[in-house]
file data.txt (compact mmCIF, N, CA and C atoms)
# COMPACT_ATOMS: atom_id res chain seq x y z
N MET A 1150 14.56 13.79 -2.32
CA MET A 1150 14.83 12.73 -1.38
C MET A 1150 14.69 11.39 -2.11
N PRO A 1151 15.68 10.50 -2.00
CA PRO A 1151 15.60 9.22 -2.71
C PRO A 1151 14.55 8.29 -2.08
N LEU A 1152 14.00 7.44 -2.92
CA LEU A 1152 13.10 6.40 -2.43
C LEU A 1152 13.89 5.39 -1.62
N CYS A 1153 13.23 4.64 -0.77
CA CYS A 1153 13.92 3.61 0.02
C CYS A 1153 14.67 2.64 -0.89
N SER A 1154 14.06 2.25 -2.01
CA SER A 1154 14.71 1.30 -2.92
C SER A 1154 15.97 1.90 -3.53
N GLU A 1155 15.95 3.19 -3.83
CA GLU A 1155 17.14 3.85 -4.37
C GLU A 1155 18.22 3.96 -3.29
N PHE A 1156 17.81 4.32 -2.09
CA PHE A 1156 18.75 4.45 -0.99
C PHE A 1156 19.43 3.10 -0.70
N ALA A 1157 18.67 2.01 -0.85
CA ALA A 1157 19.20 0.67 -0.59
C ALA A 1157 20.07 0.16 -1.74
N GLY A 1158 20.05 0.83 -2.88
CA GLY A 1158 20.90 0.42 -3.99
C GLY A 1158 20.18 -0.25 -5.14
N GLY A 1159 18.85 -0.27 -5.11
CA GLY A 1159 18.09 -0.84 -6.23
C GLY A 1159 18.05 -2.36 -6.20
N ASP A 1160 18.01 -2.95 -7.39
CA ASP A 1160 17.87 -4.40 -7.51
C ASP A 1160 19.07 -5.22 -7.02
N PRO A 1161 20.32 -4.78 -7.21
CA PRO A 1161 21.43 -5.65 -6.79
C PRO A 1161 21.37 -6.09 -5.32
N PRO A 1162 21.16 -5.18 -4.36
CA PRO A 1162 21.05 -5.65 -2.97
C PRO A 1162 19.80 -6.50 -2.74
N ALA A 1163 18.70 -6.17 -3.39
CA ALA A 1163 17.48 -6.96 -3.23
C ALA A 1163 17.70 -8.36 -3.78
N THR A 1164 18.41 -8.48 -4.88
CA THR A 1164 18.73 -9.80 -5.45
C THR A 1164 19.63 -10.58 -4.50
N ALA A 1165 20.64 -9.93 -3.95
CA ALA A 1165 21.54 -10.60 -3.01
C ALA A 1165 20.76 -11.10 -1.80
N TRP A 1166 19.88 -10.28 -1.25
CA TRP A 1166 19.08 -10.68 -0.09
C TRP A 1166 18.18 -11.85 -0.46
N SER A 1167 17.56 -11.79 -1.64
CA SER A 1167 16.68 -12.87 -2.08
C SER A 1167 17.43 -14.19 -2.20
N ARG A 1168 18.64 -14.14 -2.77
CA ARG A 1168 19.46 -15.36 -2.89
C ARG A 1168 19.81 -15.92 -1.51
N ILE A 1169 20.23 -15.07 -0.61
CA ILE A 1169 20.57 -15.51 0.74
C ILE A 1169 19.35 -16.14 1.41
N PHE A 1170 18.21 -15.48 1.29
CA PHE A 1170 16.97 -15.99 1.88
C PHE A 1170 16.65 -17.38 1.34
N TYR A 1171 16.62 -17.54 0.01
CA TYR A 1171 16.27 -18.84 -0.57
C TYR A 1171 17.30 -19.91 -0.25
N ASP A 1172 18.57 -19.57 -0.33
CA ASP A 1172 19.60 -20.55 0.03
C ASP A 1172 19.41 -21.02 1.47
N THR A 1173 19.07 -20.10 2.35
CA THR A 1173 18.89 -20.43 3.76
C THR A 1173 17.68 -21.31 3.99
N VAL A 1174 16.53 -20.94 3.44
CA VAL A 1174 15.32 -21.73 3.70
C VAL A 1174 15.41 -23.10 3.04
N LEU A 1175 16.09 -23.20 1.91
CA LEU A 1175 16.19 -24.50 1.24
C LEU A 1175 17.12 -25.46 1.99
N ARG A 1176 17.99 -24.93 2.86
CA ARG A 1176 18.87 -25.77 3.68
C ARG A 1176 18.27 -26.07 5.05
N ASP A 1177 17.23 -25.37 5.42
CA ASP A 1177 16.63 -25.54 6.75
C ASP A 1177 15.62 -26.69 6.73
N PRO A 1178 15.80 -27.71 7.57
CA PRO A 1178 14.90 -28.85 7.53
C PRO A 1178 13.45 -28.51 7.91
N LEU A 1179 13.24 -27.48 8.70
CA LEU A 1179 11.88 -27.09 9.07
C LEU A 1179 11.20 -26.28 7.96
N LEU A 1180 11.95 -25.38 7.33
CA LEU A 1180 11.37 -24.50 6.31
C LEU A 1180 11.37 -25.08 4.91
N GLN A 1181 12.32 -25.93 4.60
CA GLN A 1181 12.46 -26.45 3.24
C GLN A 1181 11.18 -27.07 2.69
N PRO A 1182 10.42 -27.86 3.48
CA PRO A 1182 9.18 -28.42 2.92
C PRO A 1182 8.18 -27.38 2.43
N LEU A 1183 8.23 -26.18 3.01
CA LEU A 1183 7.31 -25.11 2.57
C LEU A 1183 7.71 -24.56 1.21
N PHE A 1184 8.97 -24.74 0.83
CA PHE A 1184 9.48 -24.17 -0.42
C PHE A 1184 9.78 -25.22 -1.47
N GLY A 1185 9.60 -26.49 -1.14
CA GLY A 1185 9.88 -27.56 -2.09
C GLY A 1185 11.34 -27.55 -2.49
N ASP A 1186 11.57 -27.79 -3.76
CA ASP A 1186 12.94 -27.83 -4.28
C ASP A 1186 13.45 -26.44 -4.64
N GLY A 1187 12.59 -25.44 -4.53
CA GLY A 1187 12.97 -24.09 -4.93
C GLY A 1187 12.85 -23.93 -6.43
N GLN A 1188 12.78 -22.74 -6.88
CA GLN A 1188 12.66 -22.42 -8.30
C GLN A 1188 13.58 -21.25 -8.59
N ALA A 1189 14.32 -21.34 -9.67
CA ALA A 1189 15.23 -20.25 -10.03
C ALA A 1189 14.49 -18.92 -10.16
N ALA A 1190 13.27 -18.95 -10.67
CA ALA A 1190 12.49 -17.72 -10.88
C ALA A 1190 12.07 -17.09 -9.55
N HIS A 1191 12.05 -17.86 -8.47
CA HIS A 1191 11.62 -17.29 -7.19
C HIS A 1191 12.52 -16.16 -6.73
N VAL A 1192 13.82 -16.26 -6.97
CA VAL A 1192 14.74 -15.19 -6.56
C VAL A 1192 14.38 -13.91 -7.31
N GLU A 1193 14.16 -14.03 -8.60
CA GLU A 1193 13.79 -12.84 -9.39
C GLU A 1193 12.45 -12.28 -8.92
N HIS A 1194 11.48 -13.14 -8.65
CA HIS A 1194 10.17 -12.68 -8.21
C HIS A 1194 10.25 -11.98 -6.86
N LEU A 1195 11.01 -12.57 -5.93
CA LEU A 1195 11.17 -11.95 -4.63
C LEU A 1195 11.92 -10.62 -4.73
N THR A 1196 12.89 -10.55 -5.63
CA THR A 1196 13.60 -9.29 -5.86
C THR A 1196 12.63 -8.22 -6.34
N MET A 1197 11.78 -8.58 -7.29
CA MET A 1197 10.80 -7.63 -7.82
C MET A 1197 9.84 -7.17 -6.72
N PHE A 1198 9.38 -8.11 -5.91
CA PHE A 1198 8.45 -7.78 -4.82
C PHE A 1198 9.12 -6.86 -3.80
N THR A 1199 10.34 -7.21 -3.41
CA THR A 1199 11.06 -6.42 -2.40
C THR A 1199 11.32 -5.01 -2.91
N ALA A 1200 11.81 -4.89 -4.15
CA ALA A 1200 12.09 -3.57 -4.72
C ALA A 1200 10.82 -2.72 -4.77
N GLU A 1201 9.71 -3.33 -5.21
CA GLU A 1201 8.46 -2.58 -5.28
C GLU A 1201 7.96 -2.19 -3.89
N SER A 1202 8.13 -3.06 -2.93
CA SER A 1202 7.70 -2.77 -1.56
C SER A 1202 8.43 -1.58 -0.97
N PHE A 1203 9.65 -1.35 -1.45
CA PHE A 1203 10.46 -0.23 -0.97
C PHE A 1203 10.40 0.97 -1.91
N GLY A 1204 9.38 1.02 -2.76
CA GLY A 1204 9.15 2.20 -3.59
C GLY A 1204 9.75 2.12 -4.97
N GLY A 1205 10.30 0.98 -5.34
CA GLY A 1205 10.89 0.82 -6.67
C GLY A 1205 9.82 0.60 -7.73
N PRO A 1206 10.26 0.25 -8.93
CA PRO A 1206 9.32 0.04 -10.04
C PRO A 1206 8.27 -1.02 -9.69
N ALA A 1207 7.07 -0.86 -10.22
CA ALA A 1207 5.95 -1.76 -9.93
C ALA A 1207 5.97 -2.98 -10.86
N ARG A 1208 7.14 -3.56 -11.07
CA ARG A 1208 7.25 -4.71 -11.96
C ARG A 1208 6.52 -5.94 -11.41
N PHE A 1209 6.59 -6.15 -10.09
CA PHE A 1209 5.90 -7.31 -9.52
C PHE A 1209 4.41 -7.21 -9.77
N THR A 1210 3.83 -6.06 -9.48
CA THR A 1210 2.39 -5.87 -9.69
C THR A 1210 2.03 -6.02 -11.15
N ALA A 1211 2.80 -5.41 -12.03
CA ALA A 1211 2.51 -5.44 -13.46
C ALA A 1211 2.65 -6.83 -14.07
N GLU A 1212 3.66 -7.58 -13.61
CA GLU A 1212 3.95 -8.85 -14.27
C GLU A 1212 3.46 -10.09 -13.52
N LEU A 1213 3.34 -10.00 -12.19
CA LEU A 1213 3.10 -11.23 -11.42
C LEU A 1213 1.95 -11.19 -10.44
N ALA A 1214 1.42 -10.03 -10.14
CA ALA A 1214 0.40 -9.94 -9.09
C ALA A 1214 -0.82 -10.75 -9.44
N PHE A 1215 -1.49 -11.22 -8.39
CA PHE A 1215 -2.70 -11.98 -8.57
C PHE A 1215 -3.80 -11.09 -9.13
N ALA A 1216 -4.62 -11.65 -9.99
CA ALA A 1216 -5.76 -10.91 -10.52
C ALA A 1216 -6.77 -10.68 -9.41
N THR A 1217 -7.39 -9.51 -9.40
CA THR A 1217 -8.39 -9.23 -8.36
C THR A 1217 -9.77 -9.32 -8.92
call {"tool": "encode", "arguments": {"input": "data.txt", "output": "structure tokens"}}
result
Amino acid sequence: MPLCSEFAGGDPPATAWSRIFYDTVLRDPLLQPLFGDGQAAHVEHLTMFTAESFGGPARFTAELAFAT
């Protein structure tokens, strides 16, 4: 049985969703102040987080997670 991330198509759909999300919040006058000017790396980071959350590779945890 495929993992949720595999069933969803892996990183390409997660990247597309991340781009749509960031483009949307950066245009929204209420949400934009929470995100500042945005950062190109945020799309990649959100992609990594989303993929891992759906059972994909643990790249977010390995590369970006907060130290405990």
call {"tool": "residues_around", "arguments": {"input": "data.txt", "residues": "Met1197 (chain A)", "least_positions_apart": "3", "cutoff": "8 Å", "atoms": "all atoms listed in the file", "output": "list of chain:residue names"}}
result
A:Asp1160, A:Ala1163, A:Thr1164, A:His1191, A:Val1192, A:Glu1193, A:His1194, A:Ala1200, A:Glu1201, A:Ser1202, A:Phe1203, A:Gly1205, A:Pro1206, A:Ala1207, A:Arg1208, A:Phe1209, A:Thr1210
call {"tool": "residues_around", "arguments": {"input": "data.txt", "residues": "region 1183-1190 of chain A", "least_positions_apart": "6", "cutoff": "10 Å", "atoms": "only C-alpha atoms", "output": "list in words"}}
result
Arg1168, Tyr1171, Asp1172, Val1174, Leu1175 and Thr1196 of chain A
call {"tool": "atom_distance", "arguments": {"input": "data.txt", "atom1": "atom N of Glu1155 (chain A)", "atom2": "atom C of Leu1213 (chain A)"}}
result
21.1 Å
call {"tool": "atom_distance", "arguments": {"input": "data.txt", "atom1": "atom N of Cys1153 (chain A)", "atom2": "atom N of Thr1199 (chain A)"}}
result
12.5 Å
call {"tool": "atom_distance", "arguments": {"input": "data.txt", "atom1": "CA of Leu1195 (chain A)", "atom2": "CA of Trp1166 (chain A)"}}
result
9.2 Å
call {"tool": "select_by_dssp", "arguments": {"input": "data.txt", "residues": "chain A", "states": "alpha helix (DSSP H)", "output": "PyMOL selection string"}}
result
chain A and resi 1153-1157+1160-1176+1181-1184+1189-1202+1208-1212
call {"tool": "closest_residue", "arguments": {"input": "data.txt", "among": "A:Pro1182, A:Ile1169, A:Gly1204, A:Asp1177", "to": "Phe1156 (chain A)", "atoms": "only C-alpha atoms"}}
result
A:Gly1204
call {"tool": "axis_aligned_box", "arguments": {"input": "data.txt", "around": "region 1179-1183 of chain A", "padding_each_side": "4 Å", "output": "AutoDock Vina command-line options"}}
result
--center_x 10.3 --center_y -26.5 --center_z 5.1 --size_x 13.9 --size_y 11.9 --size_z 15.9
call {"tool": "decode", "arguments": {"input": "data.txt", "residues": "chain A", "atoms": "C-alpha atoms", "output": "short mmCIF file (atom, residue, chain, number, x, y, z; two decimals), in the first residue's frame"}}
result
data_model
loop_
_atom_site.label_atom_id
_atom_site.label_comp_id
_atom_site.auth_asym_id
_atom_site.auth_seq_id
_atom_site.Cartn_x
_atom_site.Cartn_y
_atom_site.Cartn_z
CA MET A 1150 0.00 0.00 0.00
CA PRO A 1151 1.50 3.39 -0.97
CA LEU A 1152 2.17 6.06 1.61
CA CYS A 1153 -0.05 9.14 1.52
CA SER A 1154 2.85 11.18 0.09
CA GLU A 1155 3.35 8.63 -2.71
CA PHE A 1156 -0.37 8.49 -3.43
CA ALA A 1157 -0.42 12.31 -3.65
CA GLY A 1158 2.47 12.30 -6.14
CA GLY A 1159 5.45 13.15 -3.94
CA ASP A 1160 7.16 16.54 -3.94
CA PRO A 1161 5.75 18.06 -7.17
CA PRO A 1162 2.16 18.44 -5.85
CA ALA A 1163 3.44 19.50 -2.42
CA THR A 1164 5.60 22.16 -4.09
CA ALA A 1165 2.66 23.38 -6.17
CA TRP A 1166 0.46 23.62 -3.06
CA SER A 1167 3.22 25.45 -1.16
CA ARG A 1168 3.61 27.99 -3.98
CA ILE A 1169 -0.14 28.60 -4.14
CA PHE A 1170 -0.29 28.98 -0.36
CA TYR A 1171 2.57 31.50 -0.20
CA ASP A 1172 1.38 33.47 -3.22
CA THR A 1173 -2.06 33.70 -1.61
CA VAL A 1174 -0.97 34.77 1.87
CA LEU A 1175 1.51 37.32 0.50
CA ARG A 1176 -1.35 38.99 -1.44
CA ASP A 1177 -3.78 38.95 1.48
CA PRO A 1178 -3.71 42.22 3.46
CA LEU A 1179 -4.66 40.46 6.71
CA LEU A 1180 -2.19 37.56 6.44
CA GLN A 1181 0.73 39.24 4.67
CA PRO A 1182 2.08 40.97 7.82
CA LEU A 1183 2.48 37.53 9.44
CA PHE A 1184 4.71 36.41 6.57
CA GLY A 1185 6.63 39.62 5.87
CA ASP A 1186 8.02 39.84 2.36
CA GLY A 1187 8.19 36.06 2.05
CA GLN A 1188 11.31 34.03 1.46
CA ALA A 1189 12.09 31.84 -1.53
CA ALA A 1190 13.28 29.08 0.83
CA HIS A 1191 9.90 29.00 2.59
CA VAL A 1192 8.29 27.16 -0.34
CA GLU A 1193 10.96 24.47 -0.20
CA HIS A 1194 10.70 24.22 3.59
CA LEU A 1195 6.92 23.93 3.50
CA THR A 1196 7.20 21.31 0.75
CA MET A 1197 9.58 19.28 2.92
CA PHE A 1198 7.28 19.61 5.95
CA THR A 1199 4.15 18.67 3.99
CA ALA A 1200 5.79 15.66 2.33
CA GLU A 1201 7.12 14.41 5.67
CA SER A 1202 3.74 14.95 7.34
CA PHE A 1203 2.19 12.64 4.74
CA GLY A 1204 4.75 9.89 5.27
CA GLY A 1205 7.45 11.03 2.86
CA PRO A 1206 11.17 11.35 3.56
CA ALA A 1207 12.11 12.95 6.90
CA ARG A 1208 14.09 15.74 5.23
CA PHE A 1209 12.37 18.50 7.23
CA THR A 1210 13.23 16.84 10.54
CA ALA A 1211 16.78 16.02 9.46
CA GLU A 1212 17.60 19.41 7.97
CA LEU A 1213 15.35 22.03 9.58
CA ALA A 1214 13.61 20.83 12.74
CA PHE A 1215 14.12 22.73 15.93
CA ALA A 1216 16.62 21.27 18.37
CA THR A 1217 14.98 19.68 21.40
#
